[in-house]
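Asks: Handing you this structure, nothing more for now.
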Amino acid sequence: MKNIGTTEVKVGAAVGFSVLLLVVTIIMLGGENSFFTKTYTLNVAFDKVESLSTGGLVRLSGYQVGNVTSIEFSEKEQKIVVSMKILEKYKNKITTTAKAELRTQGALGDKYVYIIPGAEPGETLKNGDFVQAESAEDLFSSITKRGAEITKVFDILNELHTFTKSLNHDGRNEKLMTNMTKASEDFQKAMASLALTLQDLRGEDGRNIKKISKHLVSISEKIDNGSGTLGGLVNDSSIHDRLKSILGGSQRTELKTLLQTTIQEGKK
């Protein structure tokens with residue numbers, strides 16, 4: 001019996017040592033979450049925490065750096081204080097200019113604390129200090145606040161649906177497309193005709209345009225030089241005065257009588 005008892009003790013000691021070794025190995029392999037990793041505590045005061053719970057993740061720029069240890073209501077500040085256990089190795093990255101906000105992850109909408117490093121340099125936060133709270137609205141809160149705007153979007157979609165339905169009624173859509181196609185073809189024919197007209201007007205190597213320009217220059221020069229009737233009217237003021245005297249006053253009456261007599265004689 002004595003030998004059997006000794007054997008049982010040895011076996012029990014070996015099993016116990018193996019279990020202890022296994023536990024230590026698991027803890028050591030736990031990395032940043034291991035029992036021997038140094039941490040410190042930071043706090044943040046939120047107006048509301050939604051569905052955040054103890055044990056929730058804490059991320060710094062998207063990287064997990066700790067967990068939520070407690071959530072308590074502060075009677076003094078009328079806010080909810082969230083305490084976080086942060087890995088001490090990231091202590092220098094969380095300063096007085098950093099901000100913390102609540103975000104949602106996963107399809108189930110789990111909440112976690114997201115810490116945004118400060119854009120400007122600041123002092124490192126110590127154990128027990130508070131991180132500035134940044135209010136961030138999740139998708140559901142944004143939808144709730146912008147309910148009126150979303151209603152307008154649905155109204156527009158409904159009107160668009162009604163308009164499309166009316167177009168498709170009695171084959172209107174097909175008729176509209178046919179008319180648009182015909183209008184496009186007519187426009188193309190008109191543009192082709194215009195191109196031919198311009199081409200004829202231009203002639204070979206632009207000879208027609210050159211001739212027209214030459215004639216216009218010649219006519220303009222003659223008018224400036226006082227040649228012809230139009231040149232005389234433009235350049236000789238005496239002709240203007242004579243026409244004015246003929247068409248005005250008693251002479252105008254005489255001219256009118258002369259024209260009437262001539263017309264009557266022509267009828268005879």
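We label chains A, B, ... in the order they appear in the structure tokens, count residues from 1 in each chain, and number ligands from 1 in the order shown.
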A:Ile116: which residues within 8 Å, counting only C-alpha atoms, same-chain residues fewer than 2 positions away excluded, as a PyMOL selection string?
Replies: chain A and resi 60-61+98-100+114+118
Asks: What does the structure give for the distance between atom CA of A:Phe46 and atom CA of A:Val113, in Å to one decimal?
Replies: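 Those two atoms sit 10.6 Å apart.
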Asks: Given the choices A:Thr197, A:Asp186, A:Ser18, A:Leu42, which gets closest to A:Thr124 if the distance is worked out from only C-alpha atoms?
Replies: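 Nearest candidate to A:Thr124 out of A:Thr197, A:Asp186, A:Ser18, A:Leu42: A:Leu42.
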Asks: Which value, in Å to one decimal, gives the distance between atom CA of A:Pro117 and atom CA of A:Glu101?
Replies: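 Atom CA of A:Pro117 sits 11.5 Å away from atom CA of A:Glu101.
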Asks: Quick one: everything within 12 Å of A:Val44, counting only C-alpha atoms, minus sequence neighbours fewer than 2 positions away in the same chain. Send it as a PyMOL selection string.
Replies: chain A and resi 41-42+46-49+58+68-74+77+79-85+96+98-102+113-115+125+128-135
Asks: Just C-alpha atoms for this one: save the residues we selected as a PDB file, in the first residue's frame.
Replies:
ATOM      1  CA  THR A  41      -6.065  53.281 -17.184  1.00  0.00           C
ATOM      2  CA  LEU A  42      -7.641  56.077 -19.207  1.00  0.00           C
ATOM      3  CA  PHE A  46     -19.696  60.310 -23.024  1.00  0.00           C
ATOM      4  CA  ASP A  47     -23.202  61.780 -23.128  1.00  0.00           C
ATOM      5  CA  LYS A  48     -24.476  58.318 -24.074  1.00  0.00           C
ATOM      6  CA  VAL A  49     -22.832  54.952 -24.682  1.00  0.00           C
ATOM      7  CA  VAL A  58     -10.552  49.963 -27.562  1.00  0.00           C
ATOM      8  CA  VAL A  68     -13.294  48.653 -21.558  1.00  0.00           C
ATOM      9  CA  THR A  69     -13.068  47.783 -17.856  1.00  0.00           C
ATOM     10  CA  SER A  70     -16.040  49.686 -16.410  1.00  0.00           C
ATOM     11  CA  ILE A  71     -18.966  51.937 -17.342  1.00  0.00           C
ATOM     12  CA  GLU A  72     -20.359  54.178 -14.610  1.00  0.00           C
ATOM     13  CA  PHE A  73     -22.753  57.123 -14.468  1.00  0.00           C
ATOM     14  CA  SER A  74     -21.223  60.342 -13.074  1.00  0.00           C
ATOM     15  CA  GLU A  77     -20.968  65.779 -14.588  1.00  0.00           C
ATOM     16  CA  LYS A  79     -22.182  61.962 -18.065  1.00  0.00           C
ATOM     17  CA  ILE A  80     -21.264  58.306 -18.408  1.00  0.00           C
ATOM     18  CA  VAL A  81     -17.618  57.638 -17.573  1.00  0.00           C
ATOM     19  CA  VAL A  82     -15.989  54.768 -19.468  1.00  0.00           C
ATOM     20  CA  SER A  83     -12.767  53.390 -17.995  1.00  0.00           C
ATOM     21  CA  MET A  84     -10.326  51.658 -20.335  1.00  0.00           C
ATOM     22  CA  LYS A  85      -7.307  49.458 -19.758  1.00  0.00           C
ATOM     23  CA  THR A  96      -3.989  65.533 -24.534  1.00  0.00           C
ATOM     24  CA  ALA A  98      -6.321  62.852 -28.790  1.00  0.00           C
ATOM     25  CA  LYS A  99     -10.068  62.260 -28.983  1.00  0.00           C
ATOM     26  CA  ALA A 100     -12.254  59.220 -28.314  1.00  0.00           C
ATOM     27  CA  GLU A 101     -15.581  58.358 -29.943  1.00  0.00           C
ATOM     28  CA  LEU A 102     -18.002  55.471 -30.119  1.00  0.00           C
ATOM     29  CA  VAL A 113     -14.164  52.966 -28.351  1.00  0.00           C
ATOM     30  CA  TYR A 114     -12.140  54.464 -31.163  1.00  0.00           C
ATOM     31  CA  ILE A 115      -9.247  56.763 -30.165  1.00  0.00           C
ATOM     32  CA  LEU A 125      -1.867  61.255 -20.739  1.00  0.00           C
ATOM     33  CA  GLY A 128      -6.404  57.925 -14.652  1.00  0.00           C
ATOM     34  CA  ASP A 129      -6.502  60.920 -17.034  1.00  0.00           C
ATOM     35  CA  PHE A 130      -9.454  61.658 -19.311  1.00  0.00           C
ATOM     36  CA  VAL A 131      -9.420  61.523 -23.102  1.00  0.00           C
ATOM     37  CA  GLN A 132     -11.476  64.188 -24.897  1.00  0.00           C
ATOM     38  CA  ALA A 133     -14.828  62.830 -26.053  1.00  0.00           C
ATOM     39  CA  GLU A 134     -15.793  63.319 -29.683  1.00  0.00           C
ATOM     40  CA  SER A 135     -19.469  62.957 -30.557  1.00  0.00           C
TER      41      SER A 135
END
Asks: Would you give me, as JSON, numbers by chain, the residues in stretch 71-218 of chain A that DSSP reads as helix (DSSP H, G or I)?
Replies: {"A": [88, 89, 90, 91, 92, 93, 139, 140, 141, 142, 143, 144, 145, 147, 148, 149, 150, 151, 152, 153, 154, 155, 156, 157, 158, 159, 160, 161, 162, 163, 164, 165, 166, 167, 168, 169, 170, 171, 172, 173, 174, 175, 176, 177, 178, 179, 180, 181, 182, 183, 184, 185, 186, 187, 188, 189, 190, 191, 192, 193, 194, 195, 196, 197, 198, 199, 200, 201, 202, 204, 205, 206, 207, 208, 209, 210, 211, 212, 213, 214, 215, 216, 217, 218]}
Asks: Just give me the gap between atom CA of A:Tyr90 and atom CA of A:Pro121 in Å, one decimal is fine.
Replies: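 About the pair atom CA of A:Tyr90 and atom CA of A:Pro121: they are 15.2 Å apart.
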Asks: Between A:Met177, A:Leu196, A:Val19, A:Leu87, which has the minimum distance to A:Gly66 (counting only C-alpha atoms)?
Replies: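 Closest to A:Gly66 of all the choices is A:Leu87.
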